[in-house]
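Okay, protein_32.tsv now, which holds TSV, C-alpha atoms:
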chain	number	residue	atom	x	y	z
A	121	MET	CA	8.39	-19.18	-6.69
A	122	ASP	CA	6.27	-16.09	-7.22
A	123	ILE	CA	8.53	-15.06	-10.06
A	124	ILE	CA	8.04	-18.38	-11.86
A	125	VAL	CA	4.26	-18.15	-11.41
A	126	CYS	CA	4.29	-14.59	-12.78
A	127	LEU	CA	6.37	-15.67	-15.76
A	128	PHE	CA	3.89	-18.44	-16.59
A	129	LEU	CA	0.90	-16.11	-16.21
A	130	PHE	CA	2.44	-13.39	-18.36
A	131	ALA	CA	3.47	-15.89	-21.05
A	132	GLY	CA	-0.11	-17.18	-21.05
A	133	LEU	CA	-1.47	-13.64	-21.30
A	134	PHE	CA	0.93	-12.94	-24.17
A	135	PHE	CA	-0.48	-15.83	-26.20
A	136	PHE	CA	-4.08	-14.87	-25.33
A	137	THR	CA	-3.35	-11.34	-26.54
A	138	GLY	CA	-1.86	-12.77	-29.72
A	139	GLY	CA	-5.01	-14.79	-30.23
A	140	ALA	CA	-7.27	-11.75	-29.78
A	141	VAL	CA	-5.17	-9.56	-32.09
A	142	GLY	CA	-5.02	-12.36	-34.65
A	143	ILE	CA	-8.81	-12.67	-34.75
A	144	LEU	CA	-8.98	-8.97	-35.58
A	145	ARG	CA	-6.15	-8.85	-38.10
A	146	PHE	CA	-6.44	-11.98	-40.24
A	147	PRO	CA	-8.33	-11.59	-43.49
A	148	ASP	CA	-11.07	-14.22	-43.47
A	149	PHE	CA	-13.06	-16.76	-41.50
A	150	TYR	CA	-10.66	-19.69	-41.90
A	151	CYS	CA	-7.53	-17.68	-41.15
A	152	ARG	CA	-9.17	-16.19	-38.06
A	153	LEU	CA	-9.81	-19.65	-36.70
A	154	HIS	CA	-6.06	-20.32	-36.55
A	155	PRO	CA	-5.34	-17.85	-33.74
A	156	ALA	CA	-8.81	-18.25	-32.20
A	157	GLY	CA	-8.68	-21.99	-31.77
A	158	LYS	CA	-5.07	-22.54	-30.99
A	159	LEU	CA	-3.10	-19.72	-29.49
A	160	ASP	CA	-5.70	-20.15	-26.76
A	161	THR	CA	-4.60	-23.71	-26.04
A	162	LEU	CA	-1.00	-22.77	-25.31
A	163	GLY	CA	-2.07	-19.62	-23.46
A	164	LEU	CA	-4.44	-21.65	-21.32
A	165	LEU	CA	-1.79	-24.30	-20.69
A	166	LEU	CA	0.75	-21.74	-19.47
A	167	ALA	CA	-1.74	-19.73	-17.41
A	168	LEU	CA	-3.18	-22.79	-15.71
A	169	ILE	CA	0.26	-24.25	-14.97
A	170	GLY	CA	1.01	-20.92	-13.29
A	171	LEU	CA	-2.21	-21.15	-11.27
A	172	ALA	CA	-1.56	-24.77	-10.30
A	173	LEU	CA	1.92	-23.85	-9.05
A	174	PHE	CA	0.58	-20.83	-7.16
A	175	ASN	CA	-2.04	-23.05	-5.55
A	176	LEU	CA	0.70	-25.37	-4.23
A	177	HIS	CA	2.12	-22.61	-2.01
A	178	HIS	CA	0.69	-24.26	1.10
A	179	PHE	CA	1.33	-27.88	0.31
A	180	SER	CA	-1.43	-30.19	1.54
A	181	LEU	CA	-3.75	-32.86	0.19
A	182	GLY	CA	-6.47	-30.29	-0.47
A	183	THR	CA	-4.33	-27.98	-2.56
A	184	LEU	CA	-2.81	-30.96	-4.38
A	185	LEU	CA	-6.32	-32.11	-5.38
A	186	THR	CA	-7.21	-28.60	-6.56
A	187	SER	CA	-4.05	-28.48	-8.66
A	188	ALA	CA	-4.88	-31.89	-10.13
A	189	LYS	CA	-8.32	-30.53	-11.09
A	190	ILE	CA	-6.70	-27.53	-12.77
A	191	ILE	CA	-4.44	-29.84	-14.78
A	192	LEU	CA	-7.51	-31.93	-15.71
A	193	ILE	CA	-9.04	-28.77	-17.23
A	194	VAL	CA	-5.98	-28.50	-19.48
A	195	VAL	CA	-6.33	-32.13	-20.59
A	196	PHE	CA	-10.00	-31.69	-21.48
A	197	VAL	CA	-9.37	-28.45	-23.34
A	198	PHE	CA	-6.63	-30.15	-25.36
A	199	LEU	CA	-9.12	-32.83	-26.35
A	200	ALA	CA	-12.10	-30.54	-26.94
A	201	SER	CA	-10.53	-27.49	-28.56
A	202	PRO	CA	-9.33	-29.10	-31.83
A	203	THR	CA	-12.63	-30.93	-32.12
A	204	ALA	CA	-14.60	-27.69	-31.73
A	205	THR	CA	-12.33	-25.88	-34.20
A	206	HIS	CA	-12.82	-28.69	-36.69
A	207	ALA	CA	-16.60	-28.50	-36.23
A	208	ILE	CA	-16.57	-24.74	-36.96
A	209	VAL	CA	-14.39	-25.21	-40.07
A	210	ASP	CA	-16.67	-28.00	-41.23
A	211	ALA	CA	-19.70	-25.73	-40.80
A	212	GLY	CA	-17.95	-23.10	-42.94
A	213	VAL	CA	-17.17	-25.60	-45.68
A	214	ARG	CA	-20.73	-26.93	-45.69
A	215	ALA	CA	-22.10	-23.41	-45.96
A	216	GLY	CA	-19.99	-23.02	-49.11
A	217	LEU	CA	-17.64	-20.31	-47.90
A	218	ALA	CA	-14.57	-20.18	-50.16
A	219	PRO	CA	-11.21	-19.68	-48.43
A	220	TRP	CA	-9.40	-16.40	-48.91
A	221	THR	CA	-6.38	-16.68	-51.20
A	222	LYS	CA	-3.46	-14.35	-51.65
A	223	GLY	CA	-4.16	-11.18	-53.59
A	224	GLU	CA	-7.85	-10.86	-52.81
A	225	LYS	CA	-9.37	-8.06	-50.78
A	226	ARG	CA	-9.81	-8.74	-47.10
A	227	ARG	CA	-13.32	-9.59	-46.03
B	90	MET	CA	-3.83	-72.51	-37.32
B	91	GLU	CA	-5.90	-69.85	-35.64
B	92	LYS	CA	-3.17	-67.29	-36.07
B	93	LYS	CA	-3.14	-67.86	-39.81
B	94	GLY	CA	-6.86	-67.18	-39.91
B	95	GLU	CA	-6.35	-63.85	-38.13
B	96	GLU	CA	-3.75	-62.78	-40.66
B	97	ASN	CA	-6.17	-63.34	-43.48
B	98	LEU	CA	-8.61	-60.72	-42.18
B	99	PRO	CA	-9.08	-57.82	-44.59
B	100	GLN	CA	-6.80	-54.87	-44.04
B	101	GLY	CA	-7.61	-51.17	-44.03
B	102	PRO	CA	-11.11	-49.75	-43.70
B	103	LEU	CA	-12.74	-53.14	-44.05
B	104	ALA	CA	-10.83	-54.46	-41.05
B	105	ASN	CA	-12.02	-51.49	-39.01
B	106	LEU	CA	-15.62	-52.16	-40.00
B	107	ASN	CA	-15.20	-55.77	-38.96
B	108	GLU	CA	-13.90	-54.80	-35.53
B	109	GLU	CA	-16.76	-52.35	-35.02
B	110	TYR	CA	-19.27	-55.04	-35.84
B	111	ILE	CA	-17.76	-57.43	-33.33
B	112	SER	CA	-17.65	-54.86	-30.54
B	113	VAL	CA	-21.27	-53.85	-31.16
B	114	ARG	CA	-22.34	-57.46	-30.93
B	115	SER	CA	-20.53	-57.99	-27.68
B	116	ALA	CA	-22.13	-54.86	-26.26
B	117	GLN	CA	-25.56	-56.20	-27.05
B	118	GLY	CA	-24.69	-59.61	-25.71
B	119	ARG	CA	-23.44	-57.99	-22.45
B	120	ARG	CA	-20.30	-60.10	-22.52
B	121	VAL	CA	-18.46	-58.15	-19.83
B	122	LEU	CA	-14.82	-59.17	-19.72
B	123	PHE	CA	-12.82	-58.95	-16.55
B	124	TYR	CA	-9.69	-56.99	-17.50
B	125	PRO	CA	-11.40	-54.18	-19.47
B	126	PHE	CA	-13.94	-53.89	-16.67
B	127	ALA	CA	-11.28	-53.72	-13.95
B	128	LEU	CA	-9.13	-51.17	-15.81
B	129	THR	CA	-12.12	-48.94	-16.63
B	130	PHE	CA	-13.20	-49.19	-13.00
B	131	ILE	CA	-9.78	-48.14	-11.71
B	132	ILE	CA	-9.57	-45.16	-14.10
B	133	MET	CA	-13.12	-44.05	-13.23
B	134	LEU	CA	-12.41	-44.33	-9.51
B	135	GLY	CA	-9.24	-42.26	-9.87
B	136	VAL	CA	-11.16	-39.50	-11.63
B	137	TRP	CA	-13.92	-39.70	-9.01
B	138	VAL	CA	-11.47	-39.33	-6.11
B	139	VAL	CA	-9.68	-36.40	-7.76
B	140	LEU	CA	-12.92	-34.62	-8.61
B	141	SER	CA	-14.76	-35.23	-5.32
B	142	GLY	CA	-11.79	-34.76	-2.97
B	143	LYS	CA	-13.71	-36.29	-0.06
B	144	PHE	CA	-12.52	-39.44	1.66
B	145	ASP	CA	-15.35	-40.26	4.07
B	146	PRO	CA	-17.07	-43.64	3.63
B	147	PHE	CA	-20.32	-42.13	2.30
B	148	HIS	CA	-18.75	-40.36	-0.67
B	149	LEU	CA	-16.34	-43.22	-1.38
B	150	SER	CA	-19.15	-45.77	-1.46
B	151	LEU	CA	-21.18	-43.55	-3.76
B	152	GLY	CA	-18.14	-43.44	-6.04
B	153	LEU	CA	-17.67	-47.20	-5.92
B	154	ILE	CA	-21.31	-47.85	-6.87
B	155	SER	CA	-21.47	-45.34	-9.72
B	156	CYS	CA	-18.06	-46.37	-11.10
B	157	ALA	CA	-19.15	-50.02	-11.09
B	158	ILE	CA	-22.35	-49.19	-13.00
B	159	VAL	CA	-20.57	-46.99	-15.55
B	160	SER	CA	-17.76	-49.45	-16.20
B	161	TYR	CA	-20.25	-52.32	-16.48
B	162	LEU	CA	-22.17	-50.40	-19.14
B	163	SER	CA	-19.27	-48.97	-21.12
B	164	CYS	CA	-16.05	-50.91	-20.52
B	165	ASP	CA	-16.05	-52.01	-24.18
B	166	LEU	CA	-15.89	-48.35	-25.27
B	167	LEU	CA	-12.55	-47.66	-23.65
B	168	PHE	CA	-11.01	-51.06	-24.39
B	169	PRO	CA	-12.67	-52.39	-27.53
B	170	SER	CA	-10.57	-55.55	-27.71
B	171	PRO	CA	-10.17	-57.96	-24.80
B	172	LYS	CA	-6.47	-58.43	-25.60
B	173	ILE	CA	-4.71	-56.77	-22.69
B	174	LYS	CA	-1.11	-57.79	-23.30
B	175	GLY	CA	0.09	-55.10	-25.71
B	176	LEU	CA	-1.94	-52.41	-23.99
B	177	LEU	CA	0.62	-51.19	-21.46
B	178	ARG	CA	3.31	-51.04	-24.11
B	179	GLN	CA	0.99	-49.09	-26.40
B	180	TRP	CA	0.21	-46.58	-23.65
B	181	ALA	CA	3.92	-46.19	-22.94
B	182	ARG	CA	4.52	-45.46	-26.64
B	183	PHE	CA	1.65	-42.98	-26.68
B	184	ILE	CA	2.95	-41.16	-23.60
B	185	ARG	CA	6.32	-40.87	-25.31
B	186	TYR	CA	4.52	-39.16	-28.21
B	187	VAL	CA	3.02	-36.41	-25.99
B	188	PRO	CA	6.24	-34.46	-25.19
B	189	TRP	CA	7.15	-34.38	-28.88
B	190	LEU	CA	3.70	-32.97	-29.65
B	191	MET	CA	4.11	-30.34	-26.93
B	192	VAL	CA	7.39	-29.16	-28.44
B	193	GLU	CA	5.75	-28.96	-31.86
B	194	ILE	CA	2.80	-27.01	-30.42
B	195	ILE	CA	5.09	-24.47	-28.76
B	196	LYS	CA	7.25	-24.01	-31.88
B	197	ALA	CA	4.21	-23.57	-34.10
B	198	ASN	CA	2.50	-21.25	-31.60
B	199	LEU	CA	5.53	-18.97	-31.66
B	200	HIS	CA	5.38	-19.00	-35.47
B	201	VAL	CA	1.70	-17.96	-35.57
B	202	THR	CA	2.26	-15.32	-32.87
B	203	TYR	CA	5.07	-13.92	-35.03
B	204	LEU	CA	2.67	-13.79	-37.98
B	205	VAL	CA	-0.04	-12.11	-35.91
B	206	PHE	CA	2.18	-9.30	-34.67
B	207	HIS	CA	4.08	-8.80	-37.93
B	208	PRO	CA	3.30	-5.37	-39.44
B	209	ARG	CA	3.14	-6.72	-43.01
B	210	MET	CA	1.20	-9.85	-42.10
B	211	MET	CA	-0.97	-9.74	-45.24
B	212	GLU	CA	2.08	-10.34	-47.45
B	213	LEU	CA	3.43	-13.19	-45.34
B	214	ILE	CA	0.37	-15.38	-45.16
B	215	ASP	CA	-0.67	-17.51	-48.10
B	216	PRO	CA	-3.62	-19.68	-47.06
B	217	LYS	CA	-4.39	-22.76	-49.07
B	218	ILE	CA	-5.92	-26.19	-48.71
B	219	VAL	CA	-3.43	-29.05	-48.65
B	220	LYS	CA	-4.70	-32.50	-49.65
B	221	PHE	CA	-2.86	-35.72	-48.92
B	222	ARG	CA	-3.53	-39.35	-48.14
B	223	SER	CA	-2.37	-40.78	-44.84
B	224	LYS	CA	-0.93	-44.26	-44.45
B	225	LEU	CA	-2.42	-44.68	-40.97
B	226	GLN	CA	-4.85	-47.56	-40.57
B	227	SER	CA	-6.84	-47.48	-37.34
B	228	ASP	CA	-9.59	-44.99	-36.56
B	229	LEU	CA	-7.92	-43.93	-33.32
B	230	ALA	CA	-4.63	-43.14	-35.08
B	231	LEU	CA	-6.47	-41.08	-37.71
B	232	VAL	CA	-8.38	-39.13	-35.05
B	233	THR	CA	-5.17	-38.49	-33.12
B	234	PHE	CA	-3.49	-37.33	-36.30
B	235	ALA	CA	-6.36	-34.98	-37.18
B	236	ASN	CA	-6.46	-33.50	-33.69
B	237	SER	CA	-2.68	-33.11	-33.61
B	238	ILE	CA	-2.78	-31.23	-36.92
B	239	THR	CA	-5.43	-28.89	-35.56
B	240	LEU	CA	-3.55	-28.42	-32.28
B	241	THR	CA	-0.36	-27.32	-34.00
B	242	PRO	CA	-1.12	-23.78	-35.14
B	243	GLY	CA	-0.99	-22.83	-38.79
B	244	THR	CA	-2.93	-25.91	-39.81
B	245	ILE	CA	-6.55	-26.94	-39.33
B	246	THR	CA	-8.00	-30.26	-40.41
B	247	VAL	CA	-10.98	-29.50	-42.64
B	248	ASP	CA	-11.97	-33.03	-43.52
B	249	VAL	CA	-10.89	-36.63	-42.91
B	250	SER	CA	-12.37	-39.61	-44.67
B	251	ILE	CA	-12.35	-43.11	-43.25
B	252	ASP	CA	-9.67	-44.15	-45.77
B	253	GLY	CA	-7.31	-41.44	-44.50
B	254	ASP	CA	-7.88	-38.69	-47.08
B	255	PHE	CA	-6.99	-35.42	-45.37
B	256	LYS	CA	-7.91	-31.87	-46.31
B	257	VAL	CA	-5.91	-29.37	-44.27
B	258	HIS	CA	-6.19	-25.58	-44.27
B	259	ALA	CA	-2.67	-24.17	-43.88
B	260	ILE	CA	-2.10	-20.49	-43.20
B	261	ASP	CA	1.25	-20.15	-44.96
B	262	LYS	CA	3.79	-22.21	-46.87
B	263	ALA	CA	5.98	-22.96	-43.86
B	264	SER	CA	3.03	-24.45	-41.94
B	265	GLY	CA	1.60	-26.53	-44.75
B	266	ASP	CA	4.70	-27.95	-46.38
B	267	PRO	CA	5.91	-30.37	-43.67
B	268	LEU	CA	2.63	-32.33	-43.81
B	269	PRO	CA	2.22	-35.28	-43.39
B	270	GLY	CA	5.90	-35.87	-42.71
B	271	ALA	CA	7.33	-36.33	-39.23
B	272	MET	CA	4.03	-36.11	-37.37
B	273	GLU	CA	2.53	-39.02	-39.28
B	274	ALA	CA	5.68	-41.09	-38.72
B	275	ASN	CA	5.56	-40.37	-34.99
B	276	ILE	CA	1.88	-41.29	-34.71
B	277	ALA	CA	2.50	-44.47	-36.68
B	278	LYS	CA	5.19	-45.30	-34.15
B	279	ALA	CA	2.94	-44.41	-31.21
B	280	PHE	CA	0.20	-46.74	-32.46
B	281	GLY	CA	2.55	-49.48	-33.59
B	282	GLU	CA	1.81	-49.11	-37.32
B	283	VAL	CA	5.34	-48.69	-38.62
Could you take the file, read its structure, and then write that structure out as C-alpha cells?
Amino acid sequence: MDIIVCLFLFAGLFFFTGGAVGILRFPDFYCRLHPAGKLDTLGLLLALIGLALFNLHHFSLGTLLTSAKIILIVVFVFLASPTATHAIVDAGVRAGLAPWTKGEKRR
Amino acid sequence: MEKKGEENLPQGPLANLNEEYISVRSAQGRRVLFYPFALTFIIMLGVWVVLSGKFDPFHLSLGLISCAIVSYLSCDLLFPSPKIKGLLRQWARFIRYVPWLMVEIIKANLHVTYLVFHPRMMELIDPKIVKFRSKLQSDLALVTFANSITLTPGTITVDVSIDGDFKVHAIDKASGDPLPGAMEANIAKAFGEV
C-alpha cells in the first residue's frame, strides 16, 4: 500500500517538476502557459489520489469523508484550471501580444 | 401537432437564444418545478454532508434549510429544461466520456513532458494558432469542448464564438493537427448531437 502511495506521489511530483521546468524553458508567454496550466492538473490528480489512498489507511467514516473531500478538490481544479488558463490567454490576446513563431529569438 | 411545432423552432445559435429567453422568464416568474428542484436539492445535500462531515441533528437541519433555499432560488440553473426523461441517459453518456478524456489527458501530458525535458526543445516546438469551426450546437457542448481542449496539453483554447468558431493555440504540429477530430465526435456523442 505504501509503495502504491509513493508511486502516485512521485509521479505527481514528476509532472509538477516538468511544469516548473517548462515555464522556465519555453520561449514565450503562450508556450509557457502550456506546462503551467496543464502539467499541473495531472500532477495534482496523481498526488491527491496518492494522498486520498494514504488517508484510507485506517478505514472509517471520518477518513472516507476526508478522502471524498480530497477527490472533490480534484474535480474543482479540473473545472477551474482550464477556465483560468483561458482567461490568461484571452488577456494576452487583448493586450495585443503576438505569439512566438518558429525561427524568432526567444523572449 | 405540438411536436411538429417544436421541430420548426430555429436551429443553431438562434435556438439557444430562444431557450435562454424562456429560462430567464421562468426564473422571474418563480415557476419552481418539482423534479429540477428535487434533483438540485439531493445534489446540494450530498455535497453538504460530504463537506460538513457531521451527522448530529443541528448540522443536518442547517443543511436541509440552506439546501432548500439554494435549490429554490437556482434550480433552473442546473436543469434549465423541465424535461427530465432524457436526463439520466445523458448523464450516463457524459460519464462514459470522462474516462476517454482522462486517457487523452495522460497521453498528451506525457507528450508535453517529453517536449519540456528534450535538450533540443526549441527545434521541436512550432507554435501556431489553429482555426476551425465546430459542428456542436448547444452552449454546454461548446464549453465542454473548449475546456477539454485546454485540459489536454499542447493546445489552449484562445477564443470561442457562440457559433462555434474556435481559435486554438497549439504548441507543435502533433498537438494541433488532430483537432477537431475524435474529441469533437466524442463530445457530440456525449451530448446526443450525432
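Residues of chain B having any atom within 8 Å of chain A, counting all atoms listed in the file, are B:Val139, B:Leu140, B:Gly142, B:Ile194, B:Ile195, B:Asn198, B:Val201, B:Thr202, B:Val205, B:Phe206, B:Met211, B:Ile214, B:Asp215, B:Pro216, B:Lys217, B:Asn236, B:Ser237, B:Thr239, B:Leu240, B:Thr241, B:Pro242, B:Gly243, B:Thr244, B:Ile245, B:Thr246, B:Val247, B:Asp248, B:His258, B:Ile260.
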Handout entry: Selected residue of minimal separation from Leu129 (chain A) among A:Ile190, A:Phe149, A:Gly170, A:Leu164, counting all atoms listed in the file
Key = A:Gly170
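From CA of Lys224 (chain B) back to CA of Arg178 (chain B), the distance works out to 21.9 Å.
One distance worth recording is that between CA of Leu171 (chain A) and CA of Ile193 (chain A), which is 11.8 Å.
Interatomic distance, CA of Ala259 (chain B) against CA of Met272 (chain B): 15.2 Å.
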Practice task
List the neighbours of region 156-166 of chain B out to 7 Å using all atoms listed in the file; skip same-chain residues closer than 4 positions along the sequence, and give me the result as a list in words.
Solution key: Val121, Pro125, Phe126, Thr129, Phe130, Met133, Leu134 and Gly152 of chain B
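Across B:Ile251, B:Ala271, B:Ala263, B:Ala279, the tightest approach to Leu176 (chain B) is made by B:Ala279 when counting only C-alpha atoms.
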Problem - For Arg182 (chain B): contacts at 12 Å, only C-alpha atoms, fewer than 6 positions along chain excluded, given as a PyMOL selection string - result: chain B and resi 175-176+188-189+275-282
